[in-house]
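One file, my_file-v8.txt, is given below (compact mmCIF, C-alpha atoms).
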# COMPACT_ATOMS: atom_id res chain seq x y z
CA MET A 383 -32.51 35.84 -51.32
CA ARG A 384 -29.31 34.05 -50.19
CA GLN A 385 -29.51 32.52 -46.75
CA TYR A 386 -26.49 32.68 -44.40
CA GLY A 387 -25.88 30.48 -41.43
CA PRO A 388 -25.12 31.93 -37.98
CA ASP A 389 -21.35 31.31 -38.36
CA LEU A 390 -19.82 33.69 -40.93
CA THR A 391 -16.20 32.77 -40.09
CA PRO A 392 -14.29 31.83 -43.26
CA PRO A 393 -13.39 28.13 -43.31
CA TRP A 394 -9.64 28.85 -43.35
CA LYS A 395 -9.94 30.79 -40.10
CA LYS A 396 -11.85 28.13 -38.21
CA SER A 397 -9.94 26.11 -35.63
CA ARG A 398 -9.56 22.49 -36.54
CA PRO A 399 -10.85 20.03 -33.95
CA ALA A 400 -8.01 18.86 -31.70
CA PRO A 401 -7.55 15.13 -31.13
CA GLU A 402 -9.13 13.82 -27.97
CA VAL A 403 -6.72 12.17 -25.54
CA PRO A 404 -7.81 10.28 -22.39
CA ALA A 405 -6.46 11.94 -19.23
CA ASP A 406 -4.77 8.76 -18.03
CA HIS A 407 -2.81 8.74 -14.79
CA ASP A 408 0.80 9.99 -15.22
CA LEU A 409 0.16 11.52 -18.65
CA VAL A 410 2.36 14.65 -18.83
CA VAL A 411 0.71 17.68 -20.47
CA GLU A 412 0.92 21.48 -20.44
CA GLU A 413 -2.11 23.69 -19.86
CA VAL A 414 -2.30 26.16 -22.76
CA ALA A 415 -3.42 29.31 -20.94
CA THR A 416 -1.02 29.20 -17.98
CA GLY A 417 1.86 27.05 -19.22
CA TRP A 418 1.52 24.81 -16.15
CA CYS A 419 3.16 21.47 -16.92
CA GLY A 420 2.57 18.34 -14.92
CA ALA A 421 1.45 14.75 -14.76
CA VAL A 422 -2.19 13.78 -14.45
CA VAL A 423 -2.95 12.59 -10.92
CA ALA A 424 -6.77 12.83 -10.96
CA CYS A 425 -9.63 13.38 -13.37
CA GLU A 426 -13.00 13.95 -11.76
CA GLY A 427 -16.14 15.63 -13.00
CA GLY A 428 -15.11 18.28 -15.49
CA THR A 429 -11.59 18.89 -14.20
CA VAL A 430 -8.17 17.33 -14.41
CA THR A 431 -5.52 17.72 -11.69
CA LEU A 432 -1.87 18.04 -12.68
CA GLU A 433 1.17 17.61 -10.42
CA ASP A 434 4.35 19.48 -11.39
CA ARG A 435 7.91 18.29 -10.75
CA PHE A 436 7.95 19.96 -7.31
CA GLY A 437 4.90 18.02 -6.16
CA LYS A 438 2.51 21.00 -6.42
CA ARG A 439 -0.96 20.26 -7.74
CA ARG A 440 -3.48 22.35 -9.65
CA ALA A 441 -6.87 21.57 -11.19
CA PHE A 442 -7.92 22.74 -14.66
CA PRO A 443 -11.21 22.46 -16.56
CA LEU A 444 -11.42 19.91 -19.37
CA GLU A 445 -11.88 22.49 -22.10
CA PRO A 446 -11.51 21.80 -25.84
CA ARG A 447 -7.98 22.48 -27.14
CA GLY A 448 -6.94 23.24 -23.57
CA PHE A 449 -3.66 21.32 -23.36
CA LEU A 450 -0.42 20.57 -25.16
CA LEU A 451 0.85 17.01 -25.46
CA GLU A 452 4.43 16.83 -26.77
CA GLY A 453 3.92 20.27 -28.30
CA ALA A 454 0.62 19.49 -30.06
CA VAL A 455 -2.75 20.92 -29.04
CA VAL A 456 -5.14 18.28 -27.70
CA THR A 457 -8.47 18.04 -25.94
CA LEU A 458 -8.27 16.02 -22.73
CA VAL A 459 -11.24 13.81 -21.96
CA ARG A 460 -12.05 11.62 -19.01
CA PRO A 461 -10.44 8.18 -19.33
CA SER A 462 -12.88 5.39 -20.05
CA ALA A 463 -13.38 2.76 -17.39
CA ARG A 464 -11.08 -0.16 -17.95
CA PRO A 465 -11.94 -3.73 -16.99
CA ALA A 466 -9.91 -5.20 -14.19
CA ALA A 467 -6.96 -7.22 -15.41
CA ALA A 468 -7.39 -10.94 -15.14
CA GLY A 469 -4.88 -13.15 -13.40
CA PRO A 470 -2.88 -12.75 -10.21
CA GLY A 471 -1.84 -9.34 -8.96
CA ARG A 472 1.76 -8.17 -8.90
CA THR A 473 3.92 -6.46 -6.32
CA ALA A 474 5.87 -3.31 -7.17
CA SER A 475 8.87 -5.52 -8.00
CA GLY A 476 6.85 -7.52 -10.53
CA SER A 477 6.54 -10.63 -8.35
CA VAL A 478 3.24 -12.46 -8.04
CA ALA A 479 1.36 -10.95 -5.09
CA VAL A 480 0.28 -13.24 -2.25
CA PRO A 481 -2.93 -11.74 -0.80
CA GLY A 482 -3.16 -12.02 2.96
CA ALA A 483 0.39 -13.35 3.34
CA ARG A 484 1.89 -12.69 6.76
CA ALA A 485 5.41 -11.35 7.20
CA ARG A 486 7.95 -14.05 7.93
CA VAL A 487 10.02 -13.93 11.10
CA ALA A 488 13.21 -12.06 10.27
CA ARG A 489 16.10 -14.17 9.02
CA ALA A 490 19.55 -13.99 10.54
CA GLY A 491 20.82 -12.82 7.14
CA ARG A 492 20.68 -9.15 6.23
CA ILE A 493 20.98 -6.76 3.32
CA TYR A 494 22.99 -3.60 3.93
CA VAL A 495 22.72 -0.52 1.71
CA GLU A 496 24.77 2.66 1.85
CA GLY A 497 22.26 5.24 2.98
CA ARG A 498 18.70 6.05 3.96
CA HIS A 499 17.66 6.93 0.42
CA ASP A 500 18.87 3.54 -0.82
CA ALA A 501 16.88 1.80 1.93
CA GLU A 502 13.71 3.78 1.16
CA LEU A 503 13.97 2.99 -2.55
CA VAL A 504 14.45 -0.72 -1.89
CA GLU A 505 11.48 -0.68 0.47
CA ARG A 506 9.32 1.13 -2.10
CA VAL A 507 9.85 -1.53 -4.79
CA TRP A 508 10.76 -4.73 -2.93
CA GLY A 509 9.10 -4.18 0.46
CA ASP A 510 6.35 -6.80 -0.02
CA ASP A 511 8.84 -9.41 -1.21
CA LEU A 512 11.25 -8.74 1.64
CA ARG A 513 8.57 -9.11 4.30
CA ILE A 514 7.41 -12.45 2.87
CA GLU A 515 11.03 -13.65 2.77
CA GLY A 516 11.84 -12.27 6.23
CA VAL A 517 14.75 -10.14 4.98
CA VAL A 518 15.67 -6.99 6.88
CA VAL A 519 17.37 -4.09 5.09
CA GLU A 520 19.64 -1.74 7.07
CA TYR A 521 21.72 1.24 5.95
CA LEU A 522 25.34 1.99 6.71
CA GLU A 523 25.75 5.74 6.07
CA GLY A 524 28.75 5.03 3.84
CA VAL A 525 31.07 2.10 3.15
CA ASP A 526 34.32 3.25 4.76
CA ASP A 527 33.71 1.10 7.85
CA LEU A 528 32.34 -1.88 5.92
CA PRO A 529 35.22 -4.28 6.78
CA ALA A 530 34.68 -3.75 10.50
CA ILE A 531 30.90 -4.03 10.12
CA VAL A 532 31.19 -7.30 8.22
CA ALA A 533 33.60 -8.70 10.84
CA GLU A 534 31.19 -7.80 13.64
CA PHE A 535 28.23 -9.32 11.75
CA ALA A 536 30.16 -12.60 11.36
CA PRO A 537 28.45 -13.98 8.23
CA ALA A 538 27.77 -17.72 8.13
CA PRO A 539 25.94 -20.12 5.78
CA ASP A 540 22.74 -19.61 7.77
CA ALA A 541 23.31 -15.86 8.20
CA ARG A 542 24.46 -14.48 4.90
CA LEU A 543 25.17 -10.82 4.33
CA GLY A 544 24.42 -8.92 1.13
CA VAL A 545 25.69 -5.39 0.55
CA LEU A 546 24.56 -2.86 -2.09
CA VAL A 547 27.17 -0.19 -2.84
CA ASP A 548 26.86 3.07 -4.80
CA HIS A 549 29.34 3.83 -7.59
CA LEU A 550 30.87 0.37 -7.69
CA VAL A 551 33.14 0.81 -10.71
CA PRO A 552 36.66 -0.52 -11.42
CA GLY A 553 39.40 1.41 -9.61
CA SER A 554 37.06 3.20 -7.20
CA LYS A 555 37.41 3.26 -3.42
CA GLU A 556 34.20 1.27 -3.23
CA SER A 557 35.58 -1.49 -5.44
CA ARG A 558 38.67 -1.89 -3.23
CA ILE A 559 36.56 -2.12 -0.08
CA ALA A 560 34.20 -4.62 -1.73
CA ALA A 561 37.09 -6.86 -2.76
CA ALA A 562 38.40 -6.88 0.82
CA VAL A 563 35.17 -8.24 2.35
CA THR A 564 33.63 -10.48 -0.32
CA GLY A 565 33.54 -14.16 0.67
CA ALA A 566 31.47 -17.32 0.57
CA ASP A 567 28.82 -15.84 2.89
CA VAL A 568 29.21 -12.17 1.90
CA LEU A 569 28.12 -10.75 -1.44
CA VAL A 570 28.90 -7.13 -2.32
CA VAL A 571 27.31 -5.80 -5.49
CA GLY A 572 26.69 -2.29 -6.71
CA HIS A 573 25.42 0.04 -9.38
CA PRO A 574 27.53 2.50 -11.41
CA TYR A 575 25.76 5.68 -10.31
CA VAL A 576 27.25 8.40 -8.12
CA ASP A 577 24.07 8.28 -6.04
CA VAL A 578 21.01 6.04 -5.97
CA TRP A 579 18.96 9.01 -7.24
CA GLN A 580 20.30 8.22 -10.70
CA ALA A 581 18.87 4.71 -10.55
CA VAL A 582 15.43 6.29 -11.07
CA LYS A 583 14.70 6.66 -14.78
CA PRO A 584 14.65 10.31 -15.93
CA SER A 585 11.45 9.62 -17.89
CA SER A 586 9.66 8.77 -14.64
CA LEU A 587 10.52 12.25 -13.37
CA GLY A 588 9.63 14.11 -16.54
CA ILE A 589 13.23 15.12 -17.27
CA ALA A 590 15.35 14.34 -20.33
CA ALA A 591 18.39 13.12 -18.39
CA TRP A 592 20.21 13.45 -15.09
CA PRO A 593 22.45 16.54 -15.33
CA GLU A 594 26.24 16.41 -15.24
CA VAL A 595 27.60 17.92 -12.02
CA PRO A 596 31.23 19.19 -12.07
CA ARG A 597 33.71 17.47 -9.78
CA GLY A 598 34.14 19.20 -6.46
CA GLN A 599 30.48 20.14 -6.14
CA ASP A 600 28.00 18.36 -3.92
CA TRP A 601 26.25 16.11 -6.43
CA LYS A 602 22.72 16.32 -5.02
CA THR A 603 22.85 20.09 -4.59
CA GLY A 604 24.23 20.42 -8.12
CA VAL A 605 21.38 18.32 -9.51
CA CYS A 606 18.77 20.47 -7.78
CA ARG A 607 20.44 23.62 -9.12
CA ALA A 608 20.71 22.30 -12.67
CA LEU A 609 17.07 21.16 -12.77
CA GLY A 610 15.75 24.35 -11.21
CA TRP A 611 14.51 22.52 -8.13
CA PRO A 612 14.61 24.16 -4.68
CA GLN A 613 18.03 23.34 -3.23
CA HIS A 614 16.62 21.22 -0.45
CA THR A 615 17.88 17.71 -1.08
CA GLY A 616 15.50 16.09 1.39
CA ALA A 617 12.47 17.55 -0.35
CA ALA A 618 13.96 16.71 -3.75
CA TRP A 619 14.38 13.07 -2.73
CA GLN A 620 10.79 12.84 -1.51
CA HIS A 621 9.66 14.14 -4.91
CA ILE A 622 11.84 11.57 -6.69
CA LEU A 623 10.63 8.72 -4.47
CA SER A 624 7.00 9.70 -5.03
CA ARG A 625 7.41 9.07 -8.75
CA VAL A 626 8.63 5.51 -8.24
CA ARG A 627 5.62 3.21 -8.42
CA SER A 628 7.18 -0.04 -9.58
CA TYR A 629 10.33 -1.69 -10.91
CA GLN A 630 9.55 -0.10 -14.30
CA ASP A 631 10.65 3.27 -12.91
CA LEU A 632 14.15 1.99 -12.09
CA GLU A 633 17.22 1.32 -14.21
CA PRO A 634 18.01 -2.35 -14.93
CA SER A 635 21.49 -1.95 -13.42
CA LEU A 636 19.89 -1.52 -9.99
CA LEU A 637 17.07 -4.02 -10.46
CA GLY A 638 19.40 -6.91 -11.19
CA ARG A 639 21.68 -6.19 -8.25
CA VAL A 640 18.89 -6.05 -5.67
CA GLU A 641 17.32 -9.26 -6.98
CA GLU A 642 20.76 -10.88 -6.79
CA LEU A 643 21.13 -9.90 -3.13
CA ILE A 644 17.67 -11.18 -2.20
CA ASP A 645 18.41 -14.52 -3.85
CA PHE A 646 21.77 -14.71 -2.08
CA VAL A 647 20.54 -14.11 1.47
CA THR A 648 17.49 -16.36 1.07
CA ALA A 649 19.28 -19.33 -0.52
CA PRO A 650 19.24 -22.51 1.60
CA ALA A 651 22.29 -22.94 3.81

Just give me the structure as C-alpha cells.
Amino acid sequence: MRQYGPDLTPPWKKSRPAPEVPADHDLVVEEVATGWCGAVVACEGGTVTLEDRFGKRRAFPLEPRGFLLEGAVVTLVRPSARPAAAGPGRTASGSVAVPGARARVARAGRIYVEGRHDAELVERVWGDDLRIEGVVVEYLEGVDDLPAIVAEFAPAPDARLGVLVDHLVPGSKESRIAAAVTGADVLVVGHPYVDVWQAVKPSSLGIAAWPEVPRGQDWKTGVCRALGWPQHTGAAWQHILSRVRSYQDLEPSLLGRVEELIDFVTAPA
C-alpha cells in the first residue's frame, strides 16, 4: 500500500522559501498584508518597527514572506550582533571624535546662514565640530539686509565672518548681494538649491527625487503637496531633519561649502 506524507500539496503549488534579510536599521520595506511602507527603526523580540515618511511608527511580526524589499518577497530576520568597530569614533560630519572634549569659548568670528532650517541642519551635522572650534552659527532670515549686517559686524582678521546663502547661482539676487560684501575677512558661499531642504539626499528620505514646483508657488508648500505630505511645512521639516544622521545624508554641494566656512573663520589671523 502506497504511503503518503501529511502534505499533499503539489510541488508546483508550494511557495518557494523567501530569502532572509536582516532587519537592519533604516532598511526600507513594505509589509505585505497592509501595504505599510517604512524604514526599520527597531527590531526586538519577534517584531520589527517601521517608520513611514510622516514619522508614524507601527510594529509588525517577523513572519515568513511577510515583507517586500524592492518589490521582491523576503523574510525579515533579526540582525546579527555586530562587533564594535575598531579605531576612533567619528562625529556626524566625519571628523575624528574627541571624547570628553569641552566646548571652546566662542570666537569673535561667526557663521551666518539664511534661516532657522539652515542653522538646524548645520547643527545636526557639524555641531560637535563647531563647539570644539568655538564657532557660533546665527541665522539671518534672508539676505536682503546682508550688506548692513556685515557693516555692523565689522569683520577683521581676528573676527572673520562666513555666510552661507541659498540659491547662490550666477545672475541671481543672492549672487549680486554676495559680490557686494565679499572681502578679505568676509567669505560668502552658497549652494544651488532653492531651499536647504534640497540639500538632503532624496534617498535618505525614501523618495526618488525632489519634485519640481512651478514658479509662483510657495516652494515648500508645493513640495509637501507633490509628495503627499500634510501641508504643514514645520512638521515636514522636522521629518526631513530626523532622517539626517550624518554627512552621508547631505549633498556634496552643501558639505563642501560648510567645511569651507569653518576653515575660513577658524584660520589663524

>> When you count all atoms listed in the file, which of these residues is closest to Pro399 in chain A: A:Val430, A:Trp418, A:Gly448, A:Ala617?
In response: A:Gly448

>> Please compute the CA of Ser586 in chain A-CA of Arg492 in chain A distance, one decimal, in Å.
In response: 29.6 Å

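In this structure, CA of Ala474 in chain A sits 20.8 Å away from CA of Ala488 in chain A.
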
> Taking (7.7, -17.9, 10.8) in the file's coordinates, which residues come within 10 Å, counting all atoms listed in the file, written as a ChimeraX atom specification?
Replying inline: /A:484-489,514-516

>> Quick check, in Å to one decimal: how far apart do CA of Leu528 in chain A and CA of Ala560 in chain A lie?
In response: 8.3 Å

Reconstruct N, CA, C and O atoms of range 409-427 of chain A; output as a short mmCIF file (atom, residue, chain, number, x, y, z; two decimals), in the coordinates of the input.
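Produced file rebuild.cif, reproduced below:
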data_model
loop_
_atom_site.label_atom_id
_atom_site.label_comp_id
_atom_site.auth_asym_id
_atom_site.auth_seq_id
_atom_site.Cartn_x
_atom_site.Cartn_y
_atom_site.Cartn_z
N LEU A 409 -0.01 10.83 -17.37
CA LEU A 409 0.16 11.52 -18.65
C LEU A 409 0.67 12.94 -18.39
O LEU A 409 0.10 13.68 -17.60
N VAL A 410 1.77 13.33 -19.04
CA VAL A 410 2.36 14.65 -18.83
C VAL A 410 1.89 15.60 -19.93
O VAL A 410 2.11 15.34 -21.12
N VAL A 411 1.24 16.69 -19.53
CA VAL A 411 0.71 17.68 -20.47
C VAL A 411 0.99 19.08 -19.94
O VAL A 411 1.38 19.28 -18.78
N GLU A 412 0.76 20.06 -20.81
CA GLU A 412 0.92 21.48 -20.44
C GLU A 412 -0.40 22.19 -20.69
O GLU A 412 -1.00 22.05 -21.78
N GLU A 413 -0.87 22.94 -19.70
CA GLU A 413 -2.11 23.69 -19.86
C GLU A 413 -1.83 24.93 -20.71
O GLU A 413 -0.88 25.67 -20.45
N VAL A 414 -2.60 25.14 -21.75
CA VAL A 414 -2.30 26.16 -22.76
C VAL A 414 -2.28 27.57 -22.17
O VAL A 414 -1.36 28.35 -22.41
N ALA A 415 -3.28 27.92 -21.38
CA ALA A 415 -3.42 29.31 -20.94
C ALA A 415 -2.35 29.72 -19.94
O ALA A 415 -1.86 30.85 -19.97
N THR A 416 -1.95 28.83 -19.06
CA THR A 416 -1.02 29.20 -17.98
C THR A 416 0.39 28.67 -18.18
O THR A 416 1.32 29.13 -17.52
N GLY A 417 0.55 27.66 -19.05
CA GLY A 417 1.86 27.05 -19.22
C GLY A 417 2.22 26.05 -18.13
O GLY A 417 3.34 25.56 -18.08
N TRP A 418 1.27 25.77 -17.24
CA TRP A 418 1.52 24.81 -16.15
C TRP A 418 1.73 23.43 -16.76
O TRP A 418 0.90 22.93 -17.51
N CYS A 419 2.83 22.80 -16.39
CA CYS A 419 3.16 21.47 -16.92
C CYS A 419 3.20 20.47 -15.78
O CYS A 419 3.79 20.74 -14.73
N GLY A 420 2.57 19.34 -15.98
CA GLY A 420 2.57 18.34 -14.92
C GLY A 420 1.96 17.04 -15.38
O GLY A 420 1.48 16.91 -16.51
N ALA A 421 2.00 16.07 -14.49
CA ALA A 421 1.45 14.75 -14.76
C ALA A 421 0.04 14.65 -14.20
O ALA A 421 -0.26 15.20 -13.12
N VAL A 422 -0.81 13.96 -14.90
CA VAL A 422 -2.19 13.78 -14.45
C VAL A 422 -2.20 12.89 -13.20
O VAL A 422 -1.63 11.79 -13.20
N VAL A 423 -2.82 13.39 -12.13
CA VAL A 423 -2.95 12.59 -10.92
C VAL A 423 -4.41 12.31 -10.57
O VAL A 423 -4.69 11.44 -9.76
N ALA A 424 -5.34 13.06 -11.21
CA ALA A 424 -6.77 12.83 -10.96
C ALA A 424 -7.57 13.44 -12.09
O ALA A 424 -7.15 14.44 -12.70
N CYS A 425 -8.71 12.84 -12.38
CA CYS A 425 -9.63 13.38 -13.37
C CYS A 425 -11.04 13.08 -12.89
O CYS A 425 -11.50 11.93 -12.96
N GLU A 426 -11.69 14.12 -12.37
CA GLU A 426 -13.00 13.95 -11.76
C GLU A 426 -13.93 15.03 -12.26
O GLU A 426 -13.54 16.21 -12.38
N GLY A 427 -15.19 14.65 -12.51
CA GLY A 427 -16.14 15.63 -13.00
C GLY A 427 -15.64 16.25 -14.29
O GLY A 427 -15.29 15.57 -15.24
#
